[in-house]
Amino acid sequence: MYLPKQFAEPRVEELHRILRENSLGMLVTHTDTGLEVHHLPFLFDAAAGSAGILTAHVARSNLVWQEVCDGDEVLVVFRGVHGYISPNWYPGKQQTHRRVPTWNYEVVHAHGTIHVRDDEKFIRGVVARLTRQHEADQPKPWKMGDAPPDYLAEQLRHIVGIEVRLTRLEGKRKLNQHHEQQDREGAILGLESQGNHGLAQAMTDTTRKASS
């Protein structure tokens, strides 16, 4: 990943936050047929292993679990807030017209090794934890016990668990850090007007840190 110094995010707590708040990851594998990308919701356990562990499941009919070897190196990409930045939002553009469009974003690259877990106990645990995590804000959270046992057992037989044991995390937060204060603030106002409050808040936090 191209990583200019001003955009590098070395803080582990920030990298973990992006992983947890954006659980749909892009799993990149290298197989005999070339590069493959799989979009999967992941669970992240920061306390497991040397750098944390990601767990997920795939359909048994998805050949990824047969095409990888145990311990193969893989990459999982997690994207946080992002959005287009118009040069019209920069006060400096009105003065010199020397501004161009850009795209701001947060991203984490999680490097590790993949391990297939084709056992019912592991798979049931992954599904249960994913369900609890994503049903937590529902008025009446769905739980696995709501489904008939025979139906649930049949569904579980159609999926395979995977585990990614992380070796390192690489983070990037491109949030106009290299722009003047007035242009940063103009971009924040522009994002707010477009309803992109998440990216606006991330840029606000970065702007406050830069000025403190």
# chains A, B, ... in the order shown; residues from 1 in each chain; ligands from 1
>>> residues_around(residues="A:Arg17", least_positions_apart="4", cutoff="12 Å", atoms="only C-alpha atoms", output="list of chain:residue names")
A:Glu9, A:Arg11, A:Val12, A:Glu13, A:Glu21, A:Asn22, A:Ser23, A:Phe44, A:Asp45, A:Ala46, A:Phe78, A:Arg79, A:Gly80, A:Val81, A:Glu106, A:Val107, A:Val108, A:Gly171
>>> write_last_selection(atoms="C-alpha atoms", output="tab-separated table (two decimals), in the first residue's frame")
chain	number	residue	atom	x	y	z
A	9	GLU	CA	-1.88	5.35	11.25
A	11	ARG	CA	-1.93	3.59	16.72
A	12	VAL	CA	-3.05	0.05	17.46
A	13	GLU	CA	-6.24	1.20	19.15
A	21	GLU	CA	-16.63	-0.87	13.24
A	22	ASN	CA	-16.28	-2.20	9.67
A	23	SER	CA	-16.48	-5.96	9.97
A	44	PHE	CA	-11.90	-9.79	15.56
A	45	ASP	CA	-10.27	-11.00	18.78
A	46	ALA	CA	-7.44	-8.61	19.63
A	78	PHE	CA	-11.11	-3.33	5.98
A	79	ARG	CA	-12.35	0.05	4.75
A	80	GLY	CA	-13.65	2.66	7.17
A	81	VAL	CA	-15.26	6.02	6.40
A	106	GLU	CA	-9.61	5.11	6.30
A	107	VAL	CA	-8.29	1.61	5.57
A	108	VAL	CA	-6.58	-1.24	7.41
A	171	GLY	CA	-3.26	1.43	8.59
>>> closest_atom_pairs(of="stretch 42-131 of chain A", to="stretch 182-197 of chain A", cutoff="6 Å", atoms="only C-alpha atoms", output="tab-separated table")
residue	atom	partner	partner_atom	distance
A:Trp89	CA	A:Gly186	CA	5.2
A:Tyr90	CA	A:Asp183	CA	4.5
A:Pro91	CA	A:Asp183	CA	5.8
>>> select_by_dssp(residues="stretch 3-65 of chain A", states="alpha helix (DSSP H)", output="MDAnalysis selection string")
chainID A and resid 12:21 64:65
>>> closest_atom_pairs(of="stretch 126-188 of chain A", to="stretch 119-122 of chain A", cutoff="12 Å", atoms="only C-alpha atoms", output="Markdown table")
| residue | atom | partner | partner_atom | distance |
| --- | --- | --- | --- | --- |
| A:Val126 | CA | A:Phe122 | CA | 6.3 |
| A:Val127 | CA | A:Phe122 | CA | 8.8 |
| A:Ala128 | CA | A:Phe122 | CA | 9.9 |
| A:Arg129 | CA | A:Phe122 | CA | 10.8 |
| A:Leu152 | CA | A:Glu120 | CA | 11.5 |
| A:Ala153 | CA | A:Glu120 | CA | 9.0 |
| A:Glu154 | CA | A:Glu120 | CA | 11.0 |
| A:Gln155 | CA | A:Glu120 | CA | 11.0 |
| A:Leu156 | CA | A:Glu120 | CA | 7.4 |
| A:Arg157 | CA | A:Glu120 | CA | 7.7 |
| A:His158 | CA | A:Glu120 | CA | 10.5 |
| A:Ile159 | CA | A:Glu120 | CA | 9.3 |
| A:Val160 | CA | A:Asp119 | CA | 7.6 |
| A:Gly161 | CA | A:Phe122 | CA | 6.9 |
| A:Ile162 | CA | A:Phe122 | CA | 9.3 |
| A:Glu163 | CA | A:Phe122 | CA | 10.0 |
>>> select_by_dssp(residues="stretch 2-195 of chain A", states="strand (DSSP E)", output="ChimeraX atom specification")
/A:24-31,34-41,43-45,53-59,73-85,102-117,159-174
>>> residues_around(residues="A:His30", least_positions_apart="2", cutoff="9 Å", atoms="only C-alpha atoms", output="tab-separated table (two decimals) with N, CA and C atoms, in the first residue's frame")
chain	number	residue	atom	x	y	z
A	28	VAL	N	-8.14	-11.60	0.60
A	28	VAL	CA	-7.39	-11.77	-0.64
A	28	VAL	C	-6.49	-13.00	-0.49
A	32	ASP	N	-3.74	-21.32	-7.22
A	32	ASP	CA	-3.16	-21.76	-8.50
A	32	ASP	C	-3.78	-21.03	-9.69
A	33	THR	N	-5.00	-20.54	-9.51
A	33	THR	CA	-5.67	-19.84	-10.61
A	33	THR	C	-5.44	-18.33	-10.57
A	34	GLY	N	-4.70	-17.86	-9.56
A	34	GLY	CA	-4.41	-16.44	-9.45
A	34	GLY	C	-4.97	-15.83	-8.18
A	35	LEU	N	-5.11	-14.53	-8.17
A	35	LEU	CA	-5.64	-13.82	-6.99
A	35	LEU	C	-7.15	-13.98	-6.92
A	36	GLU	N	-7.66	-14.18	-5.70
A	36	GLU	CA	-9.09	-14.28	-5.46
A	36	GLU	C	-9.45	-13.34	-4.33
A	67	GLU	N	-8.91	-24.45	-1.84
A	67	GLU	CA	-7.84	-23.95	-2.70
A	67	GLU	C	-6.65	-23.41	-1.91
A	68	VAL	N	-6.85	-23.09	-0.65
A	68	VAL	CA	-5.73	-22.61	0.17
A	68	VAL	C	-5.12	-23.77	0.95
A	72	ASP	N	-1.15	-20.63	4.62
A	72	ASP	CA	-0.87	-19.71	3.50
A	72	ASP	C	-1.01	-18.26	3.98
A	73	GLU	N	-0.17	-17.39	3.41
A	73	GLU	CA	-0.28	-15.97	3.72
A	73	GLU	C	-1.48	-15.37	2.98
A	74	VAL	N	-2.24	-14.56	3.70
A	74	VAL	CA	-3.39	-13.89	3.11
A	74	VAL	C	-3.43	-12.44	3.58
>>> closest_residue(among="A:Ala47, A:Met1, A:Val116, A:Val77", to="A:Gly25", atoms="only C-alpha atoms")
A:Val77
>>> atom_distance(atom1="atom CA of A:His134", atom2="atom CA of A:Trp103")
28.8 Å
>>> atom_distance(atom1="atom CA of A:Tyr84", atom2="atom CA of A:Thr206")
17.3 Å
>>> closest_residue(among="A:Leu54, A:Leu27, A:Ala59, A:Leu40", to="A:Asp118", atoms="only C-alpha atoms")
A:Ala59
>>> closest_residue(among="A:Ala48, A:Leu43, A:Val76, A:Leu63", to="A:Thr131", atoms="only C-alpha atoms")
A:Leu43
>>> closest_residue(among="A:Met144, A:Ile85, A:Ala136, A:Leu175", to="A:Arg124", atoms="only C-alpha atoms")
A:Met144
>>> atom_distance(atom1="atom CA of A:Ala202", atom2="atom CA of A:Arg173")
9.0 Å
>>> residues_around(residues="A:Val100", least_positions_apart="6", cutoff="9 Å", atoms="only C-alpha atoms", output="PyMOL selection string")
chain A and resi 85-88+93
